[in-house]
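Okay, data-v6.txt is below, compact mmCIF, C-alpha atoms:
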# COMPACT_ATOMS: atom_id res chain seq x y z
CA GLY W 1 107.57 70.56 73.94
CA ASN W 2 107.42 67.65 76.40
CA THR W 3 110.91 66.32 75.60
CA ALA W 4 112.96 69.16 77.19
CA PRO W 5 112.65 68.11 80.89
CA TRP W 6 113.48 64.51 79.96
CA ARG W 7 116.64 65.67 78.12
CA ARG W 8 117.60 67.85 81.05
CA SER W 9 117.41 65.01 83.56
CA GLU W 10 119.30 62.67 81.20
CA SER W 11 122.14 65.16 80.69
CA SER W 12 122.41 65.88 84.44
CA LYS W 13 122.55 62.12 85.12
CA PHE W 14 125.30 61.83 82.52
CA LEU W 15 127.18 64.74 84.10
CA LEU W 16 126.85 63.14 87.52
CA ILE W 17 128.32 59.88 86.19
CA VAL W 18 131.26 61.72 84.58
CA VAL W 19 132.00 63.78 87.70
CA GLY W 20 131.62 60.68 89.89
CA SER W 21 133.99 58.70 87.68
CA VAL W 22 136.59 61.45 87.68
CA CYS W 23 136.44 61.70 91.48
CA PHE W 24 136.71 57.92 91.78
CA MET W 25 139.72 57.83 89.46
CA LEU W 26 141.45 60.60 91.41
CA ILE W 27 140.87 58.81 94.72
CA LEU W 28 142.07 55.55 93.21
CA TYR W 29 145.15 57.27 91.78
CA GLN W 30 146.06 58.64 95.19
CA TYR W 31 146.22 55.07 96.52
CA VAL W 32 147.76 53.32 93.55
CA ALA W 33 150.43 55.81 92.64
CA PRO W 34 151.46 57.85 95.66
CA GLY W 35 154.07 60.43 94.92
CA VAL W 36 154.46 59.75 91.21
CA ILE W 37 153.35 63.22 90.19
CA ASN W 38 154.31 65.12 93.28
CA PHE W 39 158.09 65.38 93.51
CA GLY W 40 157.75 66.85 96.97
CA SER W 41 156.07 63.70 98.27
CA PRO W 42 157.50 61.80 101.25
CA HIS W 43 158.74 59.12 98.85
CA GLY W 44 159.94 61.69 96.35
CA TYR W 45 163.45 61.70 95.01
CA PHE W 46 164.22 65.25 96.02
CA THR W 47 163.26 65.51 99.64
CA GLU W 48 166.18 66.76 101.70
CA GLU W 49 166.78 69.68 104.05
CA ASP W 50 168.65 71.34 101.23
CA GLU W 51 166.27 72.93 98.70
CA GLY W 52 165.99 70.69 95.69
CA ASP W 53 169.27 68.89 96.18
CA ILE W 54 169.25 65.53 97.88
CA PHE W 55 172.92 65.76 98.86
CA PRO W 56 174.02 67.78 101.89
CA THR W 57 176.12 70.90 101.39
CA PRO W 58 179.71 70.38 102.55
CA ASP W 59 180.37 71.91 105.95
CA PRO W 60 182.25 75.17 105.28
CA HIS W 61 183.73 75.08 108.80
CA TYR W 62 185.16 71.60 108.46
CA VAL W 63 188.67 71.44 109.91
CA LYS W 64 190.94 68.94 108.19
CA LYS W 65 192.90 66.65 110.46
CA TYR W 66 195.17 64.87 108.02
CA TYR W 67 196.89 65.96 104.88
CA PHE W 68 195.78 64.05 101.76
CA PRO W 69 197.26 64.73 98.33
CA VAL W 70 194.81 65.16 95.44
CA ARG W 71 195.46 61.61 94.22
CA ASP W 72 193.85 60.31 97.44
CA LEU W 73 190.82 62.57 97.02
CA GLU W 74 190.33 62.23 93.26
CA ARG W 75 188.19 59.19 92.59
CA THR W 76 186.60 59.04 89.18
CA ILE W 77 186.65 55.64 87.60
CA ASP W 78 185.66 55.01 84.05
CA PHE W 79 183.93 51.78 85.05
CA GLN W 80 183.80 49.46 82.05
CA ILE W 81 180.76 47.31 82.74
CA LYS W 82 181.03 45.88 79.21
CA GLY W 83 184.77 45.36 79.60
CA GLU W 84 186.71 43.50 82.29
CA ASP W 85 185.99 45.66 85.34
CA VAL W 86 184.63 44.09 88.54
CA ILE W 87 183.45 45.79 91.73
CA VAL W 88 184.38 43.74 94.82
CA PHE W 89 182.43 44.54 97.97
CA LEU W 90 184.28 43.79 101.21
CA HIS W 91 181.46 43.43 103.74
CA ILE W 92 182.51 43.94 107.36
CA GLN W 93 179.97 42.67 109.90
CA LYS W 94 177.48 45.17 111.35
CA THR W 95 178.47 48.16 109.22
CA GLY W 96 175.20 48.42 107.29
CA GLY W 97 176.64 46.25 104.53
CA THR W 98 173.47 44.23 104.00
CA THR W 99 171.47 47.34 103.10
CA PHE W 100 174.28 48.62 100.90
CA GLY W 101 174.66 45.21 99.26
CA ARG W 102 170.96 45.28 98.37
CA HIS W 103 171.36 48.75 96.89
CA LEU W 104 174.06 47.34 94.62
CA VAL W 105 171.89 44.55 93.23
CA GLN W 106 168.46 46.22 93.26
CA ASN W 107 168.87 49.95 93.11
CA VAL W 108 171.50 50.79 90.46
CA ARG W 109 170.19 52.20 87.19
CA LEU W 110 171.66 49.84 84.60
CA GLU W 111 171.13 48.99 80.95
CA VAL W 112 170.64 45.39 82.11
CA PRO W 113 169.60 45.38 85.80
CA CYS W 114 170.56 42.49 88.08
CA ASP W 115 168.01 39.71 87.92
CA CYS W 116 166.63 39.19 91.43
CA ARG W 117 164.08 36.39 91.72
CA PRO W 118 161.69 36.24 94.68
CA GLY W 119 162.75 33.64 97.22
CA GLN W 120 166.32 33.46 95.95
CA LYS W 121 169.17 34.80 98.05
CA LYS W 122 171.34 35.78 95.11
CA CYS W 123 170.74 37.91 92.05
CA THR W 124 172.38 37.49 88.67
CA CYS W 125 174.36 40.60 87.78
CA TYR W 126 175.60 40.08 84.24
CA ARG W 127 177.31 42.56 81.97
CA PRO W 128 174.97 43.99 79.32
CA ASN W 129 176.91 42.28 76.53
CA ARG W 130 177.70 38.84 77.97
CA LYS W 131 177.03 36.39 80.77
CA GLU W 132 179.84 37.44 83.09
CA THR W 133 179.42 39.17 86.41
CA TRP W 134 180.51 42.78 87.05
CA LEU W 135 179.87 42.57 90.82
CA PHE W 136 181.48 40.32 93.42
CA SER W 137 179.33 40.47 96.55
CA ARG W 138 177.16 38.42 98.88
CA PHE W 139 173.96 39.10 96.91
CA SER W 140 175.49 38.42 93.49
CA THR W 141 178.21 35.77 93.79
CA GLY W 142 177.42 34.68 97.36
CA TRP W 143 180.17 34.14 99.92
CA SER W 144 182.45 32.57 97.27
CA CYS W 145 185.62 33.38 99.24
CA GLY W 146 184.14 32.46 102.62
CA LEU W 147 181.65 34.13 104.95
CA HIS W 148 182.50 37.83 105.40
CA ALA W 149 185.85 37.37 103.67
CA ASP W 150 188.37 40.09 104.56
CA TRP W 151 190.95 41.97 102.48
CA THR W 152 193.55 39.23 102.93
CA GLU W 153 191.12 36.55 101.74
CA LEU W 154 189.48 38.46 98.90
CA THR W 155 192.67 39.70 97.26
CA ASN W 156 194.01 36.14 97.22
CA CYS W 157 190.79 34.46 96.18
CA VAL W 158 188.59 36.60 93.90
CA PRO W 159 190.57 36.28 90.63
CA GLY W 160 190.70 32.48 90.87
CA VAL W 161 187.02 32.14 91.79
CA LEU W 162 185.94 34.24 88.82
CA ASN W 163 188.24 32.33 86.43
CA LYS W 164 186.66 29.10 87.61
CA LYS W 165 183.08 30.45 87.43
CA GLU W 166 183.60 31.86 83.97
CA ASN W 167 185.73 28.97 82.85
CA LYS W 168 188.64 30.97 81.50
CA GLN W 169 192.00 32.42 82.41
CA LYS W 170 191.77 36.16 82.62
CA ASN W 171 194.56 38.32 83.81
CA GLN W 172 193.32 41.55 82.34
CA ARG W 173 190.41 41.94 84.77
CA LYS W 174 190.43 45.10 86.86
CA PHE W 175 189.16 44.85 90.43
CA TYR W 176 187.71 47.83 92.23
CA TYR W 177 187.43 47.20 95.98
CA ILE W 178 184.77 48.97 98.00
CA THR W 179 183.70 48.77 101.66
CA LEU W 180 181.70 50.48 104.40
CA LEU W 181 182.95 51.54 107.83
CA ARG W 182 180.95 52.38 110.93
CA ASP W 183 181.62 54.19 114.17
CA PRO W 184 183.42 51.48 116.23
CA LEU W 185 181.38 51.85 119.41
CA SER W 186 178.04 51.37 117.60
CA ARG W 187 179.46 48.59 115.48
CA TYR W 188 180.82 46.67 118.49
CA LEU W 189 177.55 46.96 120.43
CA SER W 190 175.62 45.90 117.37
CA GLU W 191 177.83 42.83 117.00
CA TRP W 192 177.39 41.96 120.68
CA ARG W 193 173.58 42.19 120.36
CA HIS W 194 173.73 40.06 117.23
CA VAL W 195 175.83 37.37 118.94
CA GLN W 196 173.59 37.55 122.01
CA ARG W 197 170.66 36.62 119.74
CA GLY W 198 172.54 33.51 118.64
CA ALA W 199 174.50 34.64 115.57
CA THR W 200 177.90 33.09 114.93
CA TRP W 201 180.27 33.52 112.05
CA LYS W 202 182.01 30.29 112.86
CA THR W 203 181.91 29.15 109.22
CA SER W 204 184.23 32.06 108.31
CA LEU W 205 187.46 30.63 106.96
CA HIS W 206 190.02 33.27 108.04
CA MET W 207 192.36 32.02 105.31
CA CYS W 208 195.80 33.58 105.40
CA ASP W 209 199.07 32.49 103.79
CA GLY W 210 197.28 29.52 102.30
CA ARG W 211 195.80 28.01 105.46
CA THR W 212 193.15 28.53 108.11
CA PRO W 213 194.25 29.31 111.70
CA THR W 214 194.71 26.47 114.19
CA PRO W 215 192.42 26.29 117.27
CA GLU W 216 195.45 27.44 119.33
CA GLU W 217 195.91 30.53 117.15
CA LEU W 218 192.21 31.37 117.19
CA PRO W 219 190.49 29.93 120.29
CA SER W 220 186.71 30.14 120.63
CA CYS W 221 185.07 32.53 123.11
CA TYR W 222 182.31 30.05 123.97
CA GLU W 223 181.63 26.35 124.36
CA GLY W 224 178.71 24.74 122.59
CA SER W 225 177.06 25.77 119.34
CA ASP W 226 176.77 29.52 119.94
CA TRP W 227 177.19 32.31 122.49
CA SER W 228 173.54 33.34 122.76
CA GLY W 229 172.58 35.16 125.94
CA CYS W 230 176.12 36.40 126.58
CA THR W 231 176.31 39.60 128.60
CA LEU W 232 178.25 42.65 127.44
CA GLN W 233 180.71 41.94 130.25
CA GLN W 234 181.38 38.40 128.99
CA PHE W 235 181.65 39.70 125.44
CA MET W 236 184.26 42.27 126.46
CA ASP W 237 186.16 39.82 128.67
CA CYS W 238 187.03 37.31 125.93
CA PRO W 239 190.57 38.16 124.79
CA TYR W 240 190.20 36.40 121.41
CA ASN W 241 186.92 38.10 120.52
CA LEU W 242 187.13 38.90 116.81
CA ALA W 243 184.78 41.84 117.37
CA ASN W 244 187.74 43.75 118.85
CA ASN W 245 189.26 46.00 116.17
CA ARG W 246 187.38 44.04 113.53
CA GLN W 247 187.52 46.83 110.94
CA VAL W 248 191.30 47.16 111.11
CA ARG W 249 191.85 43.41 111.00
CA MET W 250 189.52 42.94 108.04
CA LEU W 251 191.13 45.73 106.02
CA ALA W 252 194.79 44.97 106.80
CA ASP W 253 197.10 42.57 104.99
CA LEU W 254 197.40 39.94 107.71
CA SER W 255 200.38 38.21 106.09
CA LEU W 256 202.48 41.21 107.21
CA VAL W 257 202.12 40.08 110.84
CA GLY W 258 202.22 36.29 110.48
CA CYS W 259 198.42 35.98 110.20
CA TYR W 260 196.78 34.76 113.41
CA ASN W 261 200.01 33.56 115.01
CA MET W 262 200.46 36.13 117.77
CA SER W 263 204.03 35.13 118.57
CA THR W 264 205.43 36.21 115.17
CA VAL W 265 205.50 39.96 115.93
CA PRO W 266 205.50 41.71 119.34
CA GLU W 267 202.05 43.02 120.26
CA LYS W 268 202.77 46.76 119.96
CA LYS W 269 204.53 46.33 116.64
CA ARG W 270 201.74 44.08 115.39
CA ALA W 271 199.09 46.68 116.24
CA GLN W 272 201.03 49.43 114.49
CA LEU W 273 201.61 47.34 111.35
CA LEU W 274 197.94 46.35 111.15
CA LEU W 275 196.70 49.92 111.56
CA GLU W 276 199.09 51.28 108.92
CA SER W 277 198.18 48.49 106.51
CA ALA W 278 194.44 49.05 107.04
CA LYS W 279 194.83 52.80 106.42
CA LYS W 280 196.81 52.18 103.25
CA ASN W 281 194.35 49.61 101.88
CA LEU W 282 191.38 51.82 102.70
CA ARG W 283 193.01 54.82 101.07
CA ASP W 284 193.81 52.83 97.93
CA MET W 285 190.33 51.37 97.52
CA ALA W 286 188.18 52.69 94.72
CA PHE W 287 185.54 53.77 97.21
CA PHE W 288 184.45 53.46 100.82
CA GLY W 289 181.35 54.79 102.55
CA LEU W 290 180.41 55.53 106.15
CA THR W 291 177.20 54.12 107.62
CA GLU W 292 176.63 57.38 109.51
CA TYR W 293 176.52 59.37 106.24
CA GLN W 294 174.14 57.60 103.86
CA ARG W 295 173.53 60.46 101.43
CA LYS W 296 177.19 61.41 101.19
CA THR W 297 178.02 57.73 100.70
CA GLN W 298 175.51 57.57 97.84
CA PHE W 299 176.90 60.76 96.28
CA LEU W 300 180.51 59.55 96.38
CA PHE W 301 179.66 56.11 94.99
CA GLU W 302 177.66 57.64 92.13
CA ARG W 303 180.41 60.11 91.26
CA THR W 304 183.19 57.53 91.59
CA PHE W 305 181.71 54.89 89.30
CA ARG W 306 179.47 57.15 87.23
CA LEU W 307 176.53 54.96 88.12
CA ARG W 308 173.23 56.25 89.47
CA PHE W 309 170.91 54.84 92.11
CA ILE W 310 167.19 54.77 91.37
CA ARG W 311 165.97 55.54 94.89
CA PRO W 312 167.91 57.68 97.37
CA PHE W 313 169.64 56.11 100.38
CA MET W 314 167.79 56.52 103.66
CA GLN W 315 169.59 57.71 106.78
CA TYR W 316 168.71 55.46 109.68
CA ASN W 317 169.06 57.00 113.10
CA SER W 318 172.11 55.71 114.86
CA THR W 319 171.34 53.20 117.60
CA ARG W 320 174.75 54.11 119.07
CA ALA W 321 175.30 53.49 122.76
CA ALA W 322 171.68 53.39 123.87
CA GLY W 323 171.51 52.12 127.45
CA VAL W 324 175.23 51.45 127.86
CA ASP W 325 176.92 53.05 130.85
CA LEU W 326 179.98 55.23 130.50
CA ASP W 327 182.43 52.76 132.05
CA ASN W 328 181.49 50.22 129.40
CA VAL W 329 181.73 52.82 126.65
CA GLN W 330 185.26 53.59 127.77
CA ARG W 331 186.15 49.92 127.94
CA ILE W 332 184.79 49.27 124.44
CA GLU W 333 186.79 52.20 123.09
CA GLU W 334 189.95 50.79 124.68
CA LEU W 335 189.28 47.32 123.25
CA ASN W 336 188.78 48.93 119.85
CA GLU W 337 191.60 51.43 120.03
CA LEU W 338 192.86 50.60 116.52
CA ASP W 339 189.38 50.80 115.02
CA MET W 340 188.86 54.16 116.72
CA GLU W 341 192.02 55.45 115.09
CA LEU W 342 191.17 54.01 111.70
CA TYR W 343 187.68 55.48 111.87
CA ASP W 344 189.01 58.91 112.79
CA TYR W 345 191.30 58.74 109.74
CA ALA W 346 188.55 57.36 107.48
CA LYS W 347 186.07 60.03 108.55
CA ASP W 348 188.51 62.79 107.69
CA LEU W 349 189.38 61.25 104.32
CA PHE W 350 185.67 60.75 103.59
CA GLN W 351 184.74 64.36 104.42
CA GLN W 352 187.66 65.71 102.40
CA ARG W 353 186.69 63.52 99.43
CA TYR W 354 183.13 64.72 99.71
CA GLN W 355 184.18 68.37 99.72
CA TYR W 356 186.59 67.84 96.84
CA THR W 357 184.03 65.96 94.75
CA ARG W 358 181.22 68.39 95.52
CA HIS W 359 183.35 71.21 94.13
CA LEU W 360 183.84 69.24 90.93
CA TRP W 361 180.10 68.58 90.69
CA PRO W 362 178.42 71.79 91.83
CA SER W 363 174.99 71.44 93.37
CA ARG W 364 172.39 71.13 90.64
CA SER W 365 168.98 72.70 91.06
CA ARG W 366 165.83 70.63 91.38
CA GLN W 367 164.87 71.51 87.81
CA SER W 368 168.05 70.24 86.21
CA LEU W 369 167.88 67.05 88.30
CA VAL W 370 164.31 66.46 87.15
CA SER W 371 165.25 67.08 83.53
CA THR W 372 168.31 64.80 83.70
CA LEU W 373 166.09 62.07 85.08
CA GLU W 374 163.57 62.62 82.31
CA GLU W 375 166.13 62.80 79.51
CA GLY W 376 168.38 59.93 80.37
CA GLU W 377 166.03 57.61 82.12
CA ALA W 378 162.99 57.48 79.86
CA GLY W 379 161.39 54.08 80.06
CA SER W 380 162.90 53.11 83.40
CA ARG W 381 160.99 53.19 86.65
CA LEU W 382 160.36 56.52 88.26
CA PRO W 383 162.64 57.00 91.24
CA THR W 384 159.71 57.69 93.49
CA GLU W 385 158.43 54.27 94.45
CA ASP W 386 157.99 53.69 98.13
CA TYR W 387 161.42 52.48 99.11
CA MET W 388 160.49 50.25 102.06
CA ASN W 389 157.66 48.62 100.08
CA GLN W 390 160.15 47.77 97.39
CA ILE W 391 162.44 46.02 99.86
CA ILE W 392 159.59 44.19 101.55
CA ASN W 393 158.17 43.01 98.24
CA ARG W 394 161.50 41.95 96.85
CA TRP W 395 162.70 40.09 99.93
I'd like the structure from this file rewritten - as structure tokens, please.
Amino acid sequence: GNTAPWRRSESSKFLLIVVGSVCFMLILYQYVAPGVINFGSPHGYFTEEDEGDIFPTPDPHYVKKYYFPVRDLERTIDFQIKGEDVIVFLHIQKTGGTTFGRHLVQNVRLEVPCDCRPGQKKCTCYRPNRKETWLFSRFSTGWSCGLHADWTELTNCVPGVLNKKENKQKNQRKFYYITLLRDPLSRYLSEWRHVQRGATWKTSLHMCDGRTPTPEELPSCYEGSDWSGCTLQQFMDCPYNLANNRQVRMLADLSLVGCYNMSTVPEKKRAQLLLESAKKNLRDMAFFGLTEYQRKTQFLFERTFRLRFIRPFMQYNSTRAAGVDLDNVQRIEELNELDMELYDYAKDLFQQRYQYTRHLWPSRSRQSLVSTLEEGEAGSRLPTEDYMNQIINRW
């Protein structure tokens, strides 16, 4: 009869160890895998104002400004990643293109993801069936057509560069151009701050009609190696500043106006031709996004190319005209009059495309989104990893 108390104390010790271990594991799990179970977590895939749907509801009171036929709104591409299709990303400075470019190489759910090695600037984005690239962009092919190559440069250069890289003549490739636009005032100020910190894009080629511009056609705004420390006033006062109407210039076909030779076409006519060309090229692109609308940009890209992103796009608060007085705001808007007009047009086209596409793809409930993820994406990473950690670790 003396064994009972001994057994009791042994079993309570054992119970204590089990309970302790379970608690320890739970605490550990909280740290190691935040948000994997809880879909409502801050890093969860489905956190958005709109219950269970990460994409905003179209604004029912939206008033259309321009008339667009269905062919300009309808954008569904049967993207043949195993075929000859190539996405070409036209990256305009200070439009959020670096973040978007990283999404393209690191955040698209693919059969064979891009291979991004730590410490390397470029990733290898091969087709699943052969060693040829499906993406032409800074983080995949590098600046193969020059630093921040524009529409004029890319359309004349991409096919040849790919033929050379892949060592073959291919005329059956299909190119799908994509770009991002940003509110011109924010973009201009962002470029000024960037230049003020010492950035230059002086290695850009500005190729057009088979040659680069002469120093007379494209004078420099500064002497010396860069323009660091320049004031907003100095930045605005330089008449050849390429920041002025940058978005229109980089989307237009510059050969229509004699490239950088200003004496070919009278100024007013030149401006009108550039704006019309930029609008046409933007409209005809496979896709464009707006920095100010990250989630809508994600939605439209996914529906256009039938590709899915692993982690949702984050909306960064606009740094717009913080600390800039109204006179300067007005001056910047005048200097960027063409960009303002293009952006107004682009914003309307973007909102109309979003509304049109949202009607084709009605809002799915949280449950069906979860089940689609589980069905189709078994074996791939859960879309709930901490997004910023990912970027920090990768880069």
Can you list, as a PyMOL selection string, every protein, DNA or RNA residue that comes within 9 Å of Lys82 of chain W when you count all atoms listed in the file, leaving out same-chain residues fewer than 5 positions away?
-> chain W and resi 127-130+134
Which polymer residues, protein or nucleic acid, are no farther than 12 Å from (181.2, 38.1, 93.6), counting all atoms listed in the file, as a VMD selection string?
-> chain W and resid 86 to 91 101 104 to 105 122 to 126 132 to 146 148 to 149 154 157 to 163 165 to 166 175 to 177
Give me the residues within 8 Å of segment 289-305 of chain W as a PyMOL selection string, counting only C-alpha atoms and dropping any in the same chain fewer than 4 places off.
-> chain W and resi 54-56+75-79+95-96+179-183+309+312-315+318+347+350+353-354+357
With all atoms listed in the file as the atoms that count, which of W:Leu189, W:Leu110, W:Leu16, W:Met25 lies nearest to Arg331 of chain W?
->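 That would be W:Leu189, the residue with the smallest distance to Arg331 of chain W.
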Between W:Arg246, W:Ala252, W:Asp339, W:Gly20, single out the one closest to Asp284 of chain W, counting only C-alpha atoms.
->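 Using only C-alpha atoms, the shortest distance to Asp284 of chain W belongs to W:Ala252.
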Taking all atoms listed in the file into account, which of W:Tyr222, W:Phe14, W:Phe235, W:Tyr62 comes nearest Leu335 of chain W?
->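 Closest residue, counting all atoms listed in the file: W:Phe235.
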